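See below for structure.cif, which holds mmCIF, C-alpha atoms.
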```
data_model
loop_
_atom_site.label_atom_id
_atom_site.label_comp_id
_atom_site.auth_asym_id
_atom_site.auth_seq_id
_atom_site.Cartn_x
_atom_site.Cartn_y
_atom_site.Cartn_z
CA MET A 270 4.37 -24.34 -17.60
CA SER A 271 2.48 -25.34 -14.53
CA ILE A 272 0.41 -22.42 -13.37
CA TRP A 273 0.20 -23.86 -9.90
CA LEU A 274 3.96 -24.13 -9.63
CA LEU A 275 4.18 -20.49 -10.70
CA ILE A 276 1.60 -19.47 -8.12
CA LEU A 277 3.45 -21.30 -5.36
CA GLY A 278 6.74 -19.72 -6.40
CA MET A 279 5.24 -16.24 -6.44
CA ALA A 280 3.62 -16.89 -3.08
CA LEU A 281 6.89 -18.03 -1.54
CA ILE A 282 8.88 -15.08 -2.91
CA THR A 283 6.28 -12.56 -1.79
CA PHE A 284 6.01 -14.04 1.67
CA VAL A 285 9.77 -14.22 2.22
CA ILE A 286 10.12 -10.53 1.32
CA ARG A 287 7.33 -9.51 3.65
CA TYR A 288 8.54 -11.71 6.48
CA SER A 289 12.19 -10.74 5.98
CA LEU A 290 12.57 -8.44 8.97
CA PHE A 291 9.77 -9.93 11.06
CA ALA A 292 11.96 -13.04 11.13
CA PHE A 293 14.43 -11.32 13.43
CA PRO A 294 12.44 -10.06 16.39
CA ASP A 295 15.54 -9.35 18.47
CA LEU A 296 17.25 -7.35 15.81
CA ARG A 297 17.87 -3.73 16.84
CA PHE A 298 18.53 -1.47 13.90
CA PRO A 299 21.40 1.03 14.04
CA ALA A 300 20.34 4.61 14.80
CA LEU A 301 20.74 5.64 11.18
CA VAL A 302 18.36 2.95 9.97
CA ARG A 303 15.86 3.65 12.72
CA GLN A 304 15.85 7.28 11.68
CA GLY A 305 15.36 6.29 8.08
CA LEU A 306 12.38 4.12 8.93
CA HIS A 307 10.53 7.19 10.21
CA TYR A 308 10.45 8.42 6.64
CA VAL A 309 9.16 5.23 5.02
CA PRO A 310 5.44 6.07 5.21
CA THR A 311 5.89 9.64 3.97
CA ALA A 312 8.26 8.67 1.17
CA VAL A 313 6.41 5.60 -0.10
CA LEU A 314 2.89 6.97 0.12
CA THR A 315 3.89 10.26 -1.52
CA ALA A 316 5.63 8.33 -4.27
CA ILE A 317 2.34 6.51 -4.94
CA VAL A 318 0.04 9.52 -4.59
CA VAL A 319 1.74 12.18 -6.70
CA PRO A 320 2.09 10.10 -9.89
CA GLY A 321 -1.45 8.89 -9.21
CA MET A 322 -2.63 12.50 -9.46
CA LEU A 323 -0.53 13.60 -12.43
CA LEU A 324 -0.52 10.36 -14.44
CA PRO A 325 -3.82 8.72 -13.48
CA ASP A 326 -3.40 5.85 -15.94
CA GLY A 327 0.16 5.28 -14.79
CA GLN A 328 1.67 6.13 -18.16
CA HIS A 329 0.53 9.44 -19.55
CA TRP A 330 0.84 12.91 -18.09
CA HIS A 331 -2.54 14.50 -17.62
CA LEU A 332 -1.77 18.13 -16.82
CA ALA A 333 -5.16 19.58 -17.60
CA LEU A 334 -8.03 21.31 -15.89
CA ASP A 335 -10.28 18.32 -16.45
CA ASN A 336 -8.01 15.98 -14.49
CA ALA A 337 -10.27 15.09 -11.57
CA TYR A 338 -7.49 13.07 -9.93
CA LEU A 339 -5.27 16.14 -9.80
CA LEU A 340 -7.94 18.63 -8.69
CA ALA A 341 -9.56 16.36 -6.12
CA GLY A 342 -6.11 15.33 -4.91
CA LEU A 343 -5.28 18.98 -4.31
CA ALA A 344 -8.61 19.35 -2.50
CA CYS A 345 -7.65 16.35 -0.33
CA ILE A 346 -4.31 17.94 0.51
CA ALA A 347 -6.05 21.18 1.50
CA ILE A 348 -8.64 19.37 3.63
CA ALA A 349 -5.97 17.23 5.28
CA ALA A 350 -3.80 20.26 6.03
CA LEU A 351 -6.69 22.21 7.50
CA THR A 352 -8.51 19.49 9.42
CA ARG A 353 -5.82 16.82 10.01
CA HIS A 354 -8.79 14.47 9.99
CA LEU A 355 -8.50 11.29 7.95
CA LEU A 356 -12.18 10.58 7.39
CA ALA A 357 -12.91 14.22 6.50
CA THR A 358 -10.11 14.04 3.96
CA ILE A 359 -11.36 10.82 2.39
CA GLY A 360 -15.02 11.83 2.44
CA GLY A 361 -14.43 15.36 1.21
CA GLY A 362 -11.94 14.21 -1.40
CA LEU A 363 -14.25 11.53 -2.82
CA LEU A 364 -17.13 13.99 -2.92
CA VAL A 365 -15.06 16.52 -4.87
CA PHE A 366 -13.70 13.75 -7.09
CA PHE A 367 -17.06 12.37 -8.14
CA LEU A 368 -18.62 15.82 -8.50
CA LEU A 369 -15.79 16.78 -10.86
CA ARG A 370 -16.00 13.51 -12.77
CA GLY A 371 -19.73 14.03 -13.18
CA LEU A 372 -19.19 17.64 -14.21
CA PHE A 373 -16.56 16.64 -16.76
CA GLY A 374 -18.76 13.83 -18.07
CA GLN A 375 -16.16 11.25 -17.10
CA LEU A 376 -18.45 8.78 -15.37
CA PRO A 377 -19.49 5.68 -17.33
CA LEU A 378 -23.20 6.32 -17.01
CA MET B 192 -9.20 2.69 29.70
CA THR B 193 -8.82 -0.72 28.18
CA VAL B 194 -10.17 -1.76 24.86
CA SER B 195 -11.16 -5.34 24.19
CA ARG B 196 -9.46 -7.43 21.54
CA ALA B 197 -12.67 -7.75 19.58
CA ARG B 198 -13.11 -4.02 19.64
CA SER B 199 -9.59 -3.44 18.34
CA LEU B 200 -10.17 -6.02 15.62
CA LEU B 201 -13.39 -4.30 14.57
CA GLN B 202 -11.75 -0.90 14.68
CA GLY B 203 -9.06 -2.16 12.33
CA MET B 204 -11.74 -3.42 9.96
CA ARG B 205 -13.59 -0.14 10.14
CA ASP B 206 -10.46 1.89 9.43
CA SER B 207 -9.91 -0.29 6.34
CA ILE B 208 -13.16 0.70 4.66
CA PRO B 209 -11.73 3.44 2.41
CA MET B 210 -8.99 1.04 1.30
CA ILE B 211 -11.59 -1.60 0.55
CA VAL B 212 -13.38 0.84 -1.76
CA GLY B 213 -10.13 1.19 -3.67
CA ILE B 214 -9.30 -2.53 -3.65
CA LEU B 215 -12.62 -3.93 -4.87
CA PRO B 216 -12.45 -2.62 -8.45
CA PHE B 217 -8.85 -3.77 -8.75
CA GLY B 218 -9.78 -7.24 -7.55
CA LEU B 219 -12.66 -7.40 -10.01
CA ILE B 220 -10.41 -6.34 -12.87
CA TYR B 221 -7.70 -8.77 -11.81
CA GLY B 222 -10.17 -11.65 -11.73
CA ALA B 223 -11.54 -10.73 -15.13
CA LEU B 224 -8.06 -10.43 -16.69
CA ALA B 225 -6.90 -13.67 -15.10
CA SER B 226 -9.73 -15.62 -16.60
CA LEU B 227 -9.24 -13.87 -19.93
CA ALA B 228 -5.59 -14.93 -19.80
CA GLY B 229 -6.71 -18.52 -19.59
CA LEU B 230 -6.39 -19.24 -15.89
CA THR B 231 -9.07 -21.49 -14.48
CA LEU B 232 -11.33 -20.13 -11.78
CA TRP B 233 -9.32 -21.97 -9.12
CA GLN B 234 -6.02 -20.72 -10.49
CA ALA B 235 -7.21 -17.11 -10.64
CA LEU B 236 -8.57 -17.38 -7.12
CA GLY B 237 -5.59 -19.39 -5.90
CA MET B 238 -3.19 -16.67 -6.95
CA SER B 239 -5.11 -14.11 -4.90
CA LEU B 240 -5.40 -16.50 -1.96
CA LEU B 241 -1.74 -17.52 -1.90
CA VAL B 242 0.28 -14.69 -3.44
CA TYR B 243 -1.90 -11.79 -2.32
CA ALA B 244 0.05 -9.04 -4.07
CA GLY B 245 -2.04 -6.99 -6.48
CA SER B 246 0.68 -5.36 -8.58
CA ALA B 247 2.67 -8.56 -8.92
CA GLN B 248 -0.45 -10.50 -9.88
CA PHE B 249 -1.38 -8.02 -12.59
CA ILE B 250 2.10 -8.11 -14.01
CA ALA B 251 2.25 -11.92 -13.84
CA ILE B 252 -1.01 -12.16 -15.76
CA SER B 253 0.22 -9.85 -18.49
CA LEU B 254 3.57 -11.66 -18.68
CA LEU B 255 1.71 -14.97 -18.99
CA GLY B 256 -0.23 -13.45 -21.86
CA LEU B 257 3.06 -12.53 -23.52
CA GLY B 258 4.27 -16.09 -23.13
CA SER B 259 7.03 -15.27 -20.63
CA GLY B 260 8.73 -18.12 -18.84
CA MET B 261 8.42 -18.96 -15.18
CA ALA B 262 11.88 -17.59 -14.26
CA VAL B 263 11.05 -14.18 -15.72
CA ILE B 264 7.76 -14.00 -13.86
CA LEU B 265 9.30 -15.08 -10.58
CA LEU B 266 12.14 -12.59 -10.91
CA THR B 267 9.62 -9.87 -11.73
CA THR B 268 7.58 -10.81 -8.69
CA PHE B 269 10.69 -10.44 -6.57
CA VAL B 270 11.58 -7.00 -7.92
CA VAL B 271 8.01 -5.67 -7.84
CA ASN B 272 7.57 -6.75 -4.24
CA LEU B 273 10.94 -5.55 -2.98
CA ARG B 274 9.35 -2.42 -1.55
CA HIS B 275 7.74 -4.63 1.08
CA VAL B 276 11.15 -4.97 2.73
CA LEU B 277 10.74 -1.34 3.73
CA TYR B 278 7.37 -2.09 5.31
CA SER B 279 8.73 -5.14 7.05
CA ALA B 280 11.57 -3.05 8.48
CA ALA B 281 9.35 -0.13 9.45
CA LEU B 282 6.92 -2.34 11.38
CA GLN B 283 9.53 -4.68 12.87
CA PRO B 284 10.03 -2.59 16.03
CA TYR B 285 6.35 -3.21 16.84
CA VAL B 286 5.60 -6.60 15.33
CA GLY B 287 8.98 -7.96 16.45
CA GLY B 288 7.70 -8.26 19.98
CA LEU B 289 4.91 -10.61 18.97
CA SER B 290 5.08 -14.40 18.87
CA GLN B 291 5.80 -16.31 15.68
CA ARG B 292 2.13 -17.25 15.59
CA TRP B 293 1.35 -13.57 15.03
CA ARG B 294 4.32 -12.57 12.92
CA LEU B 295 3.76 -15.17 10.20
CA PRO B 296 0.18 -14.21 9.28
CA LEU B 297 0.82 -10.49 9.73
CA ALA B 298 3.77 -10.77 7.33
CA PHE B 299 1.61 -12.62 4.83
CA GLY B 300 -0.89 -9.75 4.84
CA LEU B 301 1.66 -6.92 4.59
CA THR B 302 0.46 -5.06 1.49
CA ASP B 303 0.80 -1.34 0.65
CA GLU B 304 -2.69 -0.71 1.96
CA THR B 305 -2.26 -2.68 5.17
CA PHE B 306 0.99 -0.89 5.86
CA ALA B 307 -0.57 2.51 5.29
CA VAL B 308 -3.38 1.89 7.76
CA VAL B 309 -1.49 0.08 10.52
CA GLN B 310 1.65 2.22 10.61
CA ARG B 311 -0.53 5.18 11.47
CA ARG B 312 -1.92 3.36 14.48
CA TYR B 313 1.46 2.04 15.65
CA LEU B 314 2.92 5.52 15.33
CA SER B 315 0.24 7.19 17.41
CA ARG B 316 -0.34 4.54 20.05
CA GLY B 317 2.39 1.92 19.83
CA MET B 318 1.32 -1.50 21.04
CA ALA B 319 -1.41 -0.13 23.34
CA ASP B 320 -4.93 -1.57 23.27
CA HIS B 321 -4.15 -4.84 21.51
CA ALA B 322 -2.46 -3.27 18.52
CA GLN B 323 -1.91 -6.72 17.02
CA TRP B 324 -5.65 -7.31 16.96
CA TYR B 325 -6.16 -4.00 15.23
CA HIS B 326 -3.47 -5.03 12.73
CA ALA B 327 -5.21 -8.38 12.29
CA GLY B 328 -8.52 -6.62 11.67
CA VAL B 329 -7.00 -4.52 8.90
CA ALA B 330 -5.18 -7.50 7.37
CA VAL B 331 -8.24 -9.76 7.40
CA ALA B 332 -10.58 -7.10 6.01
CA LEU B 333 -8.25 -6.22 3.14
CA TYR B 334 -7.41 -9.86 2.41
CA LEU B 335 -11.06 -10.85 2.20
CA SER B 336 -11.77 -7.84 -0.02
CA TRP B 337 -9.01 -8.83 -2.41
CA VAL B 338 -9.88 -12.51 -2.51
CA GLY B 339 -13.63 -11.88 -2.68
CA SER B 340 -13.39 -9.32 -5.46
CA SER B 341 -10.94 -11.54 -7.39
CA LEU B 342 -13.47 -14.35 -7.22
CA VAL B 343 -16.35 -12.19 -8.39
CA GLY B 344 -14.12 -10.76 -11.13
CA ALA B 345 -13.12 -14.21 -12.34
CA LEU B 346 -16.75 -15.32 -12.36
CA PHE B 347 -18.50 -12.26 -13.75
CA GLY B 348 -15.87 -9.62 -14.45
CA GLN B 349 -16.08 -9.92 -18.20
CA GLN B 350 -19.76 -9.06 -18.09
CA VAL B 351 -19.31 -5.78 -16.20
CA PRO B 352 -18.20 -3.15 -18.66
CA ASN B 353 -16.26 -0.07 -17.69
CA LEU B 354 -15.26 -1.28 -14.29
CA ALA B 355 -12.17 0.87 -14.41
CA GLY B 356 -14.11 3.87 -15.66
CA TRP B 357 -15.44 4.86 -12.26
CA GLY B 358 -12.11 5.87 -10.83
CA LEU B 359 -12.70 4.18 -7.49
CA ASP B 360 -8.95 3.96 -7.15
CA PHE B 361 -9.11 7.56 -6.06
CA ALA B 362 -10.30 6.34 -2.64
CA MET B 363 -6.83 4.93 -2.10
CA LEU B 364 -5.12 8.18 -3.09
CA ALA B 365 -7.42 10.16 -0.80
CA THR B 366 -6.60 7.85 2.10
CA PHE B 367 -2.87 8.04 1.51
CA ILE B 368 -3.09 11.84 1.34
CA GLY B 369 -5.03 11.88 4.59
CA ILE B 370 -2.28 9.82 6.18
CA VAL B 371 0.73 11.66 4.76
CA VAL B 372 -0.22 15.33 5.00
CA PRO B 373 -0.70 15.46 8.79
CA ALA B 374 2.67 13.70 9.15
CA LEU B 375 4.45 16.57 7.38
CA ARG B 376 5.19 18.37 10.61
CA ASN B 377 8.83 19.31 10.14
CA GLN B 378 11.25 20.23 7.43
CA PRO B 379 12.85 16.79 6.97
CA GLN B 380 9.44 15.13 6.53
CA ILE B 381 8.36 17.78 4.02
CA ALA B 382 11.63 17.45 2.13
CA ALA B 383 11.28 13.66 2.10
CA ALA B 384 7.82 14.02 0.56
CA LEU B 385 8.92 16.56 -2.06
CA VAL B 386 11.95 14.54 -3.12
CA ALA B 387 10.00 11.29 -3.20
CA ALA B 388 7.35 12.98 -5.37
CA ALA B 389 9.90 14.44 -7.76
CA VAL B 390 11.81 11.18 -8.18
CA ALA B 391 8.59 9.22 -8.57
CA LEU B 392 7.55 11.53 -11.41
CA LEU B 393 10.96 11.45 -13.07
CA CYS B 394 11.16 7.66 -12.86
CA HIS B 395 7.50 6.85 -13.50
CA ALA B 396 8.38 5.01 -16.70
CA TRP B 397 10.76 2.59 -14.97
CA PRO B 398 9.38 -0.93 -15.05
CA TYR B 399 8.46 -3.18 -12.14
CA LYS B 400 7.77 -0.38 -9.66
CA LEU B 401 11.48 0.37 -9.55
CA GLY B 402 10.66 4.08 -9.85
CA LEU B 403 8.60 3.80 -6.67
CA MET B 404 11.49 2.09 -4.93
CA ALA B 405 13.97 4.76 -6.09
CA ALA B 406 11.58 7.51 -5.02
CA ALA B 407 11.04 6.00 -1.59
CA LEU B 408 14.76 5.52 -0.98
CA SER B 409 15.57 9.07 -2.16
CA GLY B 410 12.94 10.53 0.16
CA ILE B 411 14.24 8.53 3.09
CA VAL B 412 17.86 9.56 2.46
CA ILE B 413 16.95 13.26 2.21
CA GLY B 414 14.83 13.09 5.35
CA VAL B 415 17.60 11.50 7.38
CA ALA B 416 20.26 13.84 5.99
CA LEU B 417 18.25 16.93 6.90
CA GLU B 418 17.34 15.57 10.31
CA ARG B 419 21.00 14.92 11.08
CA ARG B 420 22.01 18.36 9.92
CA GLU B 421 19.33 20.02 12.02
CA SER B 422 20.02 18.25 15.28
CA PRO B 423 23.20 16.21 15.26
CA ALA B 424 23.03 15.88 19.05
CA ALA B 425 19.65 14.17 19.13
CA VAL B 426 20.88 11.57 16.69
CA GLU B 427 22.96 9.67 19.19
CA GLU B 428 19.98 8.99 21.44
CA GLY B 429 18.29 7.48 18.44
CA GLY B 430 15.21 6.61 20.47
CA ARG B 431 11.77 6.46 19.03
#
```
Let's see the structure in the file written out as structure tokens.
Amino acid sequence: MSIWLLILGMALITFVIRYSLFAFPDLRFPALVRQGLHYVPTAVLTAIVVPGMLLPDGQHWHLALDNAYLLAGLACIAIAALTRHLLATIGGGLLVFFLLRGLFGQLPL
Amino acid sequence: MTVSRARSLLQGMRDSIPMIVGILPFGLIYGALASLAGLTLWQALGMSLLVYAGSAQFIAISLLGLGSGMAVILLTTFVVNLRHVLYSAALQPYVGGLSQRWRLPLAFGLTDETFAVVQRRYLSRGMADHAQWYHAGVAVALYLSWVGSSLVGALFGQQVPNLAGWGLDFAMLATFIGIVVPALRNQPQIAAALVAAAVALLCHAWPYKLGLMAAALSGIVIGVALERRESPAAVEEGGR
């Protein structure tokens, strides 16, 4: 198989999906759809984050007290709820995450 | 107060920094795996340059390793990237007003991470202060991070052990949390998040990110249903 042909095919498919609704600038969605779109960020990002905390490798549940993804994720949620500040959440969360990973001996040092 | 285009562009790049931290290790690993799978340097880099879809690229590489045919890989690419329709729809009310010259490249760069960063800005300030330049700043910064790290990964990735062991992907989770949590201001949004989380966990084993798609759609449906039940009158206005 030609790898380049595959790459071009993948590129075309990906682009068409991403461009799909940008292609119709005059399109006005029905009210129901417009309402639904308000929930896209919350729904999609939560659906990425929560499994990322509970199944860090994407396959196996890691419900344990040495799961830094889970604990630091909870810390992030707390910081975000209290401060509503994005950079504080990221900075604080990463700090907690790496402190925990160091504490648990999970860093490849 | 007006903000210059260059300033908006730079602000977009700056707001992308946490995402870049999360993208770099993935790009390095992708590059390393691609060259391990037998792709030439140019092919590994070309895929990042032209396809620019991390999850689909990873899956394509592993399918290539399994000896899958082109049709299977293309179909998989389609299914894995379907979630981008949601992003395209969600941003259309803003991006739709731009010229084709803008819409084409912005569509090309519409990844999970780009969407997460730019939707926040559109939501809070609409098209004010050259929003398209901000969007461009995010898109360019993330694109260059992906392509650059893919290149380094293809060149040297196999010599850097334990790349995945650092857990830099947590930067992405932290950013997404920082975006989502402040948006949970009413019951429908909270319900959308809870349902999306539950379905994502239940369906985590579904292949090709279909669990993510199911979770997102479930969350959206619940959010809309609750919103309509709470205030049926406001629905008809439907304005943003």
Residues within 10 Å of (8.8, 15.2, -13.0), counting all atoms listed in the file, listed as a PyMOL selection string = (chain A and resi 319-320+323+330) or (chain B and resi 388-395)
Could you list, as JSON, numbers by chain, every residue of chain B that has an atom within 6 Å of an atom of chain A, counting only C-alpha atoms?
-> {"B": [238, 241, 242, 265, 275, 276, 279, 280, 281, 283, 287, 298, 299, 356, 357, 364, 365, 366, 369, 371, 373, 383, 384, 387, 388, 391, 392, 403, 407, 410, 411, 415, 429]}
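For the structure in this document, the set picked by the PyMOL selection byres ((chain B and resi 223) around 9) is B:Gly218, B:Leu219, B:Ile220, B:Tyr221, B:Gly222, B:Leu224, B:Ala225, B:Ser226, B:Leu227, B:Ala228, B:Ala235, B:Ser341, B:Leu342, B:Val343, B:Gly344, B:Ala345, B:Leu346, B:Phe347, B:Gly348, B:Gln349, B:Gln350.
Close contacts of segment 195-199 of chain B, defined as residues with an atom at most 9 Å away when counting all atoms listed in the file, with chain neighbours fewer than 3 positions off set aside, comprise Gln202, Gly203, Met204, Asp320, His321, Ala322, Gln323, Trp324, Tyr325, His326, Ala327 and Gly328 of chain B.
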Keeping C-alpha atoms for every residue in the selection just given, could you write it to a file as a PDB file, keeping the file's coordinate frame?
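Ended up saving to out.pdb:
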```
ATOM      1  CA  GLN B 202     -11.750  -0.900  14.680  1.00  0.00           C
ATOM      2  CA  GLY B 203      -9.060  -2.160  12.330  1.00  0.00           C
ATOM      3  CA  MET B 204     -11.740  -3.420   9.960  1.00  0.00           C
ATOM      4  CA  ASP B 320      -4.930  -1.570  23.270  1.00  0.00           C
ATOM      5  CA  HIS B 321      -4.150  -4.840  21.510  1.00  0.00           C
ATOM      6  CA  ALA B 322      -2.460  -3.270  18.520  1.00  0.00           C
ATOM      7  CA  GLN B 323      -1.910  -6.720  17.020  1.00  0.00           C
ATOM      8  CA  TRP B 324      -5.650  -7.310  16.960  1.00  0.00           C
ATOM      9  CA  TYR B 325      -6.160  -4.000  15.230  1.00  0.00           C
ATOM     10  CA  HIS B 326      -3.470  -5.030  12.730  1.00  0.00           C
ATOM     11  CA  ALA B 327      -5.210  -8.380  12.290  1.00  0.00           C
ATOM     12  CA  GLY B 328      -8.520  -6.620  11.670  1.00  0.00           C
TER      13      GLY B 328
END
```
Atom pair atom CA of Gly317 of chain B / atom CA of Val286 of chain B: separation (Å) |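 Between atom CA of Gly317 of chain B and atom CA of Val286 of chain B the gap is 10.2 Å.
Atom CA of Tyr285 of chain B sits 7.3 Å away from atom CA of Tyr313 of chain B.
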Check which residues satisfy the PyMOL selection byres ((chain B and resi 272) around 8) in the file shown, then give them as JSON, numbers by chain.
-> {"A": [283, 286], "B": [244, 247, 268, 269, 270, 271, 273, 274, 275]}
